[in-house]
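S.K.: CSV, C-alpha atoms and all ligand atoms, saved as target36.csv, coming up:
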```
chain,number,residue,atom,x,y,z
T,75,MET,CA,0.0,0.0,0.0
T,76,ARG,CA,1.5,3.3,-1.0
T,77,LYS,CA,2.3,6.1,1.5
T,78,LYS,CA,0.5,9.4,1.8
T,79,ILE,CA,3.1,12.2,1.8
T,80,VAL,CA,3.1,15.9,2.3
T,81,ALA,CA,6.5,17.4,1.4
T,82,GLY,CA,7.4,21.1,1.8
T,83,ASN,CA,9.8,22.6,-0.8
T,84,TRP,CA,11.3,25.7,0.8
T,85,LYS,CA,13.1,26.7,-2.4
T,86,MET,CA,15.6,29.6,-1.9
T,87,ASN,CA,13.8,31.0,1.2
T,88,THR,CA,14.8,31.5,4.8
T,89,THR,CA,18.1,32.1,6.4
T,90,VAL,CA,19.6,29.3,8.5
T,91,PRO,CA,18.1,30.7,11.8
T,92,GLU,CA,14.8,31.3,10.2
T,93,GLY,CA,14.8,27.8,8.7
T,94,VAL,CA,15.7,26.2,12.0
T,95,GLN,CA,12.8,28.1,13.6
T,96,LEU,CA,10.4,27.0,10.9
T,97,ALA,CA,11.5,23.4,11.2
T,98,LYS,CA,11.0,23.5,15.0
T,99,GLU,CA,7.4,24.8,14.4
T,100,VAL,CA,6.7,22.0,11.9
T,101,VAL,CA,8.1,19.4,14.4
T,102,ALA,CA,6.0,20.8,17.2
T,103,LYS,CA,2.8,20.7,15.1
T,104,ALA,CA,3.5,17.3,13.5
T,105,VAL,CA,2.0,15.5,16.4
T,106,GLU,CA,-1.4,16.6,15.1
T,107,VAL,CA,-0.9,14.7,11.9
T,108,PRO,CA,-2.1,11.1,11.7
T,109,SER,CA,0.7,8.5,11.5
T,110,ASP,CA,-0.3,7.3,8.0
T,111,VAL,CA,0.7,10.6,6.6
T,112,LYS,CA,4.5,11.1,6.1
T,113,LEU,CA,5.8,14.7,6.5
T,114,ILE,CA,9.0,15.8,4.7
T,115,ILE,CA,10.7,19.2,4.6
T,116,ALA,CA,13.0,20.0,1.7
T,117,THR,CA,15.4,22.8,2.7
T,118,PRO,CA,18.3,24.7,1.1
T,119,ALA,CA,21.5,22.8,1.3
T,120,THR,CA,22.9,25.2,3.9
T,121,HIS,CA,20.1,24.3,6.3
T,122,LEU,CA,20.4,20.5,6.1
T,123,VAL,CA,22.8,20.0,9.0
T,124,PRO,CA,21.1,22.1,11.6
T,125,VAL,CA,17.6,21.1,10.5
T,126,ALA,CA,18.6,17.4,10.7
T,127,GLU,CA,19.3,18.0,14.4
T,128,VAL,CA,15.8,19.6,14.8
T,129,VAL,CA,13.9,16.8,13.1
T,130,LYS,CA,15.9,14.0,14.7
T,131,GLY,CA,13.7,11.6,16.6
T,132,SER,CA,10.5,13.2,15.2
T,133,VAL,CA,8.2,11.9,12.4
T,134,VAL,CA,9.4,14.7,10.0
T,135,GLY,CA,11.7,13.6,7.2
T,136,LEU,CA,14.4,15.8,5.7
T,137,SER,CA,15.1,16.3,2.0
T,138,ALA,CA,17.5,18.3,-0.1
T,139,GLU,CA,16.2,20.3,-3.1
T,140,ASN,CA,18.8,19.0,-5.6
T,141,CYS,CA,22.1,17.1,-5.8
T,142,ALA,CA,24.9,16.9,-8.3
T,143,ASP,CA,25.1,14.6,-11.4
T,144,LYS,CA,28.7,13.8,-10.6
T,145,GLU,CA,30.0,11.6,-7.8
T,146,LYS,CA,32.7,14.0,-6.5
T,147,GLY,CA,35.7,16.1,-7.5
T,148,ALA,CA,36.4,19.3,-9.3
T,149,TYR,CA,32.8,20.6,-9.7
T,150,THR,CA,33.0,23.9,-7.8
T,151,GLY,CA,29.7,24.8,-6.1
T,152,GLU,CA,28.0,21.5,-6.5
T,153,ILE,CA,26.8,19.3,-3.7
T,154,SER,CA,27.0,15.5,-4.1
T,155,ALA,CA,24.4,12.9,-3.1
T,156,ALA,CA,26.9,11.5,-0.6
T,157,MET,CA,27.2,15.0,1.0
T,158,VAL,CA,23.5,15.3,1.2
T,159,ALA,CA,23.2,11.8,2.8
T,160,SER,CA,26.0,12.7,5.3
T,161,THR,CA,23.9,15.6,6.6
T,162,GLY,CA,21.2,13.2,7.9
T,163,ALA,CA,18.8,14.0,5.0
T,164,GLN,CA,16.9,11.0,3.7
T,165,TYR,CA,15.6,12.3,0.4
T,166,THR,CA,16.3,14.7,-2.4
T,167,ILE,CA,14.0,16.5,-4.8
T,168,LEU,CA,15.2,16.1,-8.4
T,169,GLY,CA,14.0,17.6,-11.7
T,170,HIS,CA,12.0,20.5,-10.2
T,171,SER,CA,10.8,22.6,-13.1
T,172,GLU,CA,12.7,25.6,-11.8
T,173,ARG,CA,15.9,23.6,-12.1
T,174,ARG,CA,14.9,22.4,-15.6
T,175,GLN,CA,14.0,25.9,-16.7
T,176,TYR,CA,16.8,28.0,-15.1
T,177,TYR,CA,19.7,25.6,-14.6
T,178,GLY,CA,19.6,23.4,-17.6
T,179,GLU,CA,18.5,20.2,-15.9
T,180,THR,CA,18.0,17.7,-18.6
T,181,ASP,CA,16.5,14.2,-18.4
T,182,GLU,CA,20.1,12.8,-19.0
T,183,LYS,CA,21.4,14.7,-16.0
T,184,LEU,CA,18.4,13.5,-14.0
T,185,VAL,CA,19.3,9.9,-14.8
T,186,GLU,CA,22.8,10.4,-13.3
T,187,LYS,CA,21.5,12.4,-10.3
T,188,THR,CA,18.9,9.7,-9.6
T,189,LYS,CA,21.5,6.9,-9.8
T,190,LEU,CA,23.8,8.7,-7.4
T,191,ALA,CA,21.0,9.6,-5.0
T,192,LEU,CA,19.7,6.0,-4.8
T,193,ALA,CA,23.3,4.6,-4.5
T,194,ASN,CA,23.7,6.9,-1.5
T,195,GLY,CA,20.6,5.7,0.2
T,196,LEU,CA,18.5,8.8,-0.6
T,197,GLY,CA,14.8,8.6,-1.6
T,198,VAL,CA,14.1,10.6,-4.7
T,199,ILE,CA,11.2,13.0,-5.3
T,200,LEU,CA,11.2,13.2,-9.1
T,201,CYS,CA,9.3,16.2,-10.5
T,202,VAL,CA,7.5,16.2,-13.8
T,203,GLY,CA,5.1,18.6,-15.4
T,204,GLU,CA,4.2,20.5,-18.5
T,205,THR,CA,4.3,24.3,-19.3
T,206,LEU,CA,1.2,26.3,-20.1
T,207,GLU,CA,2.3,26.4,-23.8
T,208,GLU,CA,2.5,22.6,-23.8
T,209,ARG,CA,-0.9,22.2,-22.1
T,210,GLU,CA,-2.5,24.6,-24.5
T,211,ALA,CA,-1.1,22.7,-27.4
T,212,GLY,CA,-2.6,19.5,-26.0
T,213,LYS,CA,0.8,18.0,-25.4
T,214,HIS,CA,0.6,17.5,-21.6
T,215,PHE,CA,0.3,13.7,-21.6
T,216,ASP,CA,3.2,13.4,-24.1
T,217,VAL,CA,5.4,15.7,-22.1
T,218,VAL,CA,4.7,14.2,-18.7
T,219,GLY,CA,5.0,10.6,-20.1
T,220,ALA,CA,8.3,11.4,-21.7
T,221,GLN,CA,9.8,13.1,-18.7
T,222,THR,CA,8.7,10.1,-16.5
T,223,LEU,CA,10.1,7.4,-18.8
T,224,ASN,CA,13.2,9.2,-20.0
T,225,VAL,CA,14.4,8.9,-16.4
T,226,LEU,CA,12.6,5.8,-15.1
T,227,ASN,CA,13.6,3.6,-18.1
T,228,HIS,CA,17.0,3.5,-16.4
T,229,PHE,CA,15.7,2.1,-13.2
T,230,SER,CA,14.3,-1.2,-11.9
T,231,ALA,CA,11.1,-2.1,-10.0
T,232,GLU,CA,13.3,-2.5,-6.9
T,233,ASP,CA,14.6,1.1,-7.4
T,234,MET,CA,11.0,2.3,-7.6
T,235,LYS,CA,10.6,1.5,-3.8
T,236,ASN,CA,12.7,4.7,-3.2
T,237,ILE,CA,11.2,6.9,-5.9
T,238,ILE,CA,8.3,9.3,-5.4
T,239,ILE,CA,6.8,11.2,-8.3
T,240,ALA,CA,5.6,14.7,-8.1
T,241,TYR,CA,3.4,16.1,-10.8
T,242,GLU,CA,3.8,19.8,-10.9
T,243,PRO,CA,2.2,21.6,-13.9
T,244,VAL,CA,4.6,24.6,-14.4
T,245,TRP,CA,1.7,27.0,-15.0
T,246,ALA,CA,0.4,26.2,-11.5
T,247,ILE,CA,3.7,26.8,-9.6
T,248,GLY,CA,3.7,29.9,-7.5
T,249,THR,CA,1.0,31.4,-9.7
T,250,GLY,CA,-2.0,30.9,-7.4
T,251,LYS,CA,-3.5,28.9,-10.3
T,252,THR,CA,-4.1,25.4,-9.1
T,253,ALA,CA,-4.9,22.6,-11.5
T,254,THR,CA,-8.4,21.5,-10.8
T,255,ALA,CA,-8.7,18.3,-8.9
T,256,ASP,CA,-10.0,16.6,-12.1
T,257,GLN,CA,-7.1,18.0,-14.2
T,258,ALA,CA,-4.6,16.7,-11.7
T,259,GLU,CA,-6.3,13.3,-11.2
T,260,GLU,CA,-6.3,12.8,-15.0
T,261,ILE,CA,-2.5,13.2,-15.2
T,262,HIS,CA,-1.9,11.2,-12.0
T,263,ALA,CA,-3.9,8.3,-13.4
T,264,PHE,CA,-1.9,8.6,-16.6
T,265,ILE,CA,1.4,8.5,-14.7
T,266,ARG,CA,0.2,5.5,-12.8
T,267,LYS,CA,-0.8,3.7,-16.0
T,268,THR,CA,2.7,4.6,-17.5
T,269,LEU,CA,4.3,3.0,-14.4
T,270,ALA,CA,2.0,-0.1,-14.7
T,271,ASP,CA,3.0,-0.5,-18.4
T,272,LYS,CA,6.7,-0.3,-17.5
T,273,PHE,CA,7.0,-2.0,-14.1
T,274,GLY,CA,3.7,-3.8,-13.6
T,275,ALA,CA,0.5,-3.1,-11.6
T,276,GLN,CA,2.1,-3.7,-8.2
T,277,VAL,CA,4.8,-1.1,-8.6
T,278,ALA,CA,2.3,1.4,-10.0
T,279,ASP,CA,0.0,0.8,-7.1
T,280,ASP,CA,2.8,1.2,-4.5
T,281,THR,CA,4.3,4.4,-6.0
T,282,THR,CA,3.4,7.6,-4.3
T,283,ILE,CA,2.4,10.4,-6.7
T,284,LEU,CA,2.2,13.9,-5.3
T,285,TYR,CA,0.6,17.0,-6.7
T,286,GLY,CA,2.4,20.3,-6.6
T,287,GLY,CA,1.4,23.8,-7.8
T,288,SER,CA,-0.4,26.3,-5.5
T,289,CYS,CA,-1.6,23.6,-3.2
T,290,LYS,CA,-2.8,25.2,0.0
T,291,PRO,CA,-5.1,24.5,2.9
T,292,SER,CA,-8.2,25.7,0.9
T,293,ASN,CA,-7.7,23.3,-2.0
T,294,ALA,CA,-5.8,20.3,-0.5
T,295,ASN,CA,-8.9,18.5,0.5
T,296,GLU,CA,-10.4,18.3,-2.9
T,297,LEU,CA,-7.1,17.3,-4.5
T,298,PHE,CA,-6.2,14.6,-1.9
T,299,ALA,CA,-9.7,13.1,-2.2
T,300,LYS,CA,-8.8,11.9,-5.7
T,301,SER,CA,-7.8,8.2,-5.8
T,302,ASP,CA,-4.4,8.7,-7.6
T,303,ILE,CA,-3.3,11.8,-5.7
T,304,ASP,CA,-1.3,10.6,-2.7
T,305,GLY,CA,-0.3,14.0,-1.2
T,306,GLY,CA,1.4,17.2,-2.2
T,307,LEU,CA,4.7,18.9,-2.8
T,308,ILE,CA,4.1,22.3,-1.3
T,309,GLY,CA,6.0,25.5,-2.1
T,310,GLY,CA,4.7,28.8,-0.8
T,311,ALA,CA,2.4,27.3,1.8
T,312,ALA,CA,5.2,25.2,3.3
T,313,LEU,CA,6.8,28.4,4.6
T,314,LYS,CA,4.1,28.7,7.3
T,315,ALA,CA,4.1,25.7,9.7
T,316,GLU,CA,0.4,26.2,10.3
T,317,ASP,CA,-0.6,26.0,6.6
T,318,PHE,CA,1.8,23.1,5.9
T,319,ILE,CA,0.3,21.1,8.8
T,320,GLN,CA,-3.2,22.1,7.8
T,321,ILE,CA,-2.5,20.6,4.3
T,322,ALA,CA,-1.3,17.4,5.9
T,323,LEU,CA,-4.6,17.2,7.8
T,324,SER,CA,-6.5,17.4,4.5
T,325,PHE,CA,-6.7,13.7,3.6
P,401,LIG,P1,4.0,26.4,-5.0
P,401,LIG,O1,5.3,25.5,-5.4
P,401,LIG,O2,3.2,25.5,-4.0
P,401,LIG,O3,4.5,27.6,-4.4
P,401,LIG,O4,3.2,26.6,-6.2
P,401,LIG,C1,5.2,24.1,-5.5
P,401,LIG,C2,6.6,23.7,-6.0
P,401,LIG,O5,7.2,24.3,-6.9
P,401,LIG,O6,7.1,22.6,-5.5
```
Is it possible to give me this structure as structure tokens?

M.R.:
Amino acid sequence: MRKKIVAGNWKMNTTVPEGVQLAKEVVAKAVEVPSDVKLIIATPATHLVPVAEVVKGSVVGLSAENCADKEKGAYTGEISAAMVASTGAQYTILGHSERRQYYGETDEKLVEKTKLALANGLGVILCVGETLEEREAGKHFDVVGAQTLNVLNHFSAEDMKNIIIAYEPVWAIGTGKTATADQAEEIHAFIRKTLADKFGAQVADDTTILYGGSCKPSNANELFAKSDIDGGLIGGAALKAEDFIQIALSF
């Protein structure tokens, strides 16, 4: 049976002291959340070590927002999967649309990043999603299907135990425009079918597929009620502990 997950993606927000404070608030409120809902916070790399201390012993998991596509060495400014794992983080987000759009993240690089993340014991939150232009051209299924398979074709059913998928339509991220629950469900069901065709029904059924893009306390209920939506990847609303927890209470 797949897990319900609510993951917060802090992006490039908060200083270290602010992030530690926010993590403390999330941990304090996490006791309100039923035990079948997994909470994860994804913080900037600078925050991972002190936030790992804060979440230690709590039900809150810790994630990076990215990791390098190389193992180690002369790659100034990069942070390897082994470094992320050594902070105490258990996950990393990969392939967020902001990284695809602004930092040249290609599916090829994502294959390398995913391999390294898994090899270092990290769970991967792999993001996929179409742009507004692609949706308006009716290409959303093709785009999301290709993004999913271009990476997952390189992985096994066993690897899928440590891969979470996040569907994040680019036009809904930070725009206040949420995909309707029906629009999101349609793509989630399509992703699950894609996984079933590739890995079999059991893997498809066991894989958590999150929705992201202006998910907030006022719309999480309707989204999470859909059978193929297993939780959310939350940006803006994850920066307020109360809103983040409220979303986790929306199943
Ligand atoms: P948002 O971001 O909730 O602010 O739209 C979601 C995300 O990009 O992960």

S.K.: Need to verify the contact set: T:Pro124, 12 Å, all atoms listed in the file, exclusion of same-chain residues closer than 3 positions in sequence. Can you return it as a VMD selection string?

M.R.: chain T and resid 89 to 98 117 to 121 127 to 130 136 161 to 163

S.K.: Would you put the residues from that selection into a file with C-alpha atoms, as a PDB file, in the frame of the given file?

M.R.:
```pdb
ATOM      1  CA  THR T  89      18.100  32.100   6.400  1.00  0.00           C
ATOM      2  CA  VAL T  90      19.600  29.300   8.500  1.00  0.00           C
ATOM      3  CA  PRO T  91      18.100  30.700  11.800  1.00  0.00           C
ATOM      4  CA  GLU T  92      14.800  31.300  10.200  1.00  0.00           C
ATOM      5  CA  GLY T  93      14.800  27.800   8.700  1.00  0.00           C
ATOM      6  CA  VAL T  94      15.700  26.200  12.000  1.00  0.00           C
ATOM      7  CA  GLN T  95      12.800  28.100  13.600  1.00  0.00           C
ATOM      8  CA  LEU T  96      10.400  27.000  10.900  1.00  0.00           C
ATOM      9  CA  ALA T  97      11.500  23.400  11.200  1.00  0.00           C
ATOM     10  CA  LYS T  98      11.000  23.500  15.000  1.00  0.00           C
ATOM     11  CA  THR T 117      15.400  22.800   2.700  1.00  0.00           C
ATOM     12  CA  PRO T 118      18.300  24.700   1.100  1.00  0.00           C
ATOM     13  CA  ALA T 119      21.500  22.800   1.300  1.00  0.00           C
ATOM     14  CA  THR T 120      22.900  25.200   3.900  1.00  0.00           C
ATOM     15  CA  HIS T 121      20.100  24.300   6.300  1.00  0.00           C
ATOM     16  CA  GLU T 127      19.300  18.000  14.400  1.00  0.00           C
ATOM     17  CA  VAL T 128      15.800  19.600  14.800  1.00  0.00           C
ATOM     18  CA  VAL T 129      13.900  16.800  13.100  1.00  0.00           C
ATOM     19  CA  LYS T 130      15.900  14.000  14.700  1.00  0.00           C
ATOM     20  CA  LEU T 136      14.400  15.800   5.700  1.00  0.00           C
ATOM     21  CA  THR T 161      23.900  15.600   6.600  1.00  0.00           C
ATOM     22  CA  GLY T 162      21.200  13.200   7.900  1.00  0.00           C
ATOM     23  CA  ALA T 163      18.800  14.000   5.000  1.00  0.00           C
TER      24      ALA T 163
END
```

S.K.: Please identify all protein, DNA and RNA residues within 8 Å of ligand LIG 401 (chain P), counting only C-alpha atoms and all ligand atoms, and report them as a ChimeraX atom specification.

M.R.: /T:82-83,85,170-172,242,244,246-250,252,286-290,307-312

S.K.: What would the file look like if the residues just selected were written as a JSON list (two decimals), keeping the file's coordinate frame with C-alpha atoms?

M.R.:
```
[["chain", "number", "residue", "atom", "x", "y", "z"],
["T", 82, "GLY", "CA", 7.40, 21.10, 1.80],
["T", 83, "ASN", "CA", 9.80, 22.60, -0.80],
["T", 85, "LYS", "CA", 13.10, 26.70, -2.40],
["T", 170, "HIS", "CA", 12.00, 20.50, -10.20],
["T", 171, "SER", "CA", 10.80, 22.60, -13.10],
["T", 172, "GLU", "CA", 12.70, 25.60, -11.80],
["T", 242, "GLU", "CA", 3.80, 19.80, -10.90],
["T", 244, "VAL", "CA", 4.60, 24.60, -14.40],
["T", 246, "ALA", "CA", 0.40, 26.20, -11.50],
["T", 247, "ILE", "CA", 3.70, 26.80, -9.60],
["T", 248, "GLY", "CA", 3.70, 29.90, -7.50],
["T", 249, "THR", "CA", 1.00, 31.40, -9.70],
["T", 250, "GLY", "CA", -2.00, 30.90, -7.40],
["T", 252, "THR", "CA", -4.10, 25.40, -9.10],
["T", 286, "GLY", "CA", 2.40, 20.30, -6.60],
["T", 287, "GLY", "CA", 1.40, 23.80, -7.80],
["T", 288, "SER", "CA", -0.40, 26.30, -5.50],
["T", 289, "CYS", "CA", -1.60, 23.60, -3.20],
["T", 290, "LYS", "CA", -2.80, 25.20, 0.00],
["T", 307, "LEU", "CA", 4.70, 18.90, -2.80],
["T", 308, "ILE", "CA", 4.10, 22.30, -1.30],
["T", 309, "GLY", "CA", 6.00, 25.50, -2.10],
["T", 310, "GLY", "CA", 4.70, 28.80, -0.80],
["T", 311, "ALA", "CA", 2.40, 27.30, 1.80],
["T", 312, "ALA", "CA", 5.20, 25.20, 3.30]]
```

S.K.: One number please: atom CA of T:Asn227 to atom CA of T:Phe273, in Å, one decimal.

M.R.: 9.5 Å

S.K.: Which is closer to T:Val277 than all the others in T:Ile261, T:Ala220, T:Leu313, T:Ile237, using all atoms listed in the file?

M.R.: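 Using all atoms listed in the file, the shortest distance to T:Val277 belongs to T:Ile237.
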
S.K.: As a list in words, please: the residues near T:Ser109 (cut-off 9 Å, only C-alpha atoms, same-chain neighbours under 3 positions excluded).

M.R.: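 Listed by chain and then number, they are Val105, Lys112 and Val133 of chain T.
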
S.K.: Here is a test: counting all atoms listed in the file, which residue of T:Ala315, T:Ile79, T:His262, T:Ala275 is nearest to T:Lys300?

M.R.: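 Among the listed residues, T:His262 lies closest to T:Lys300.
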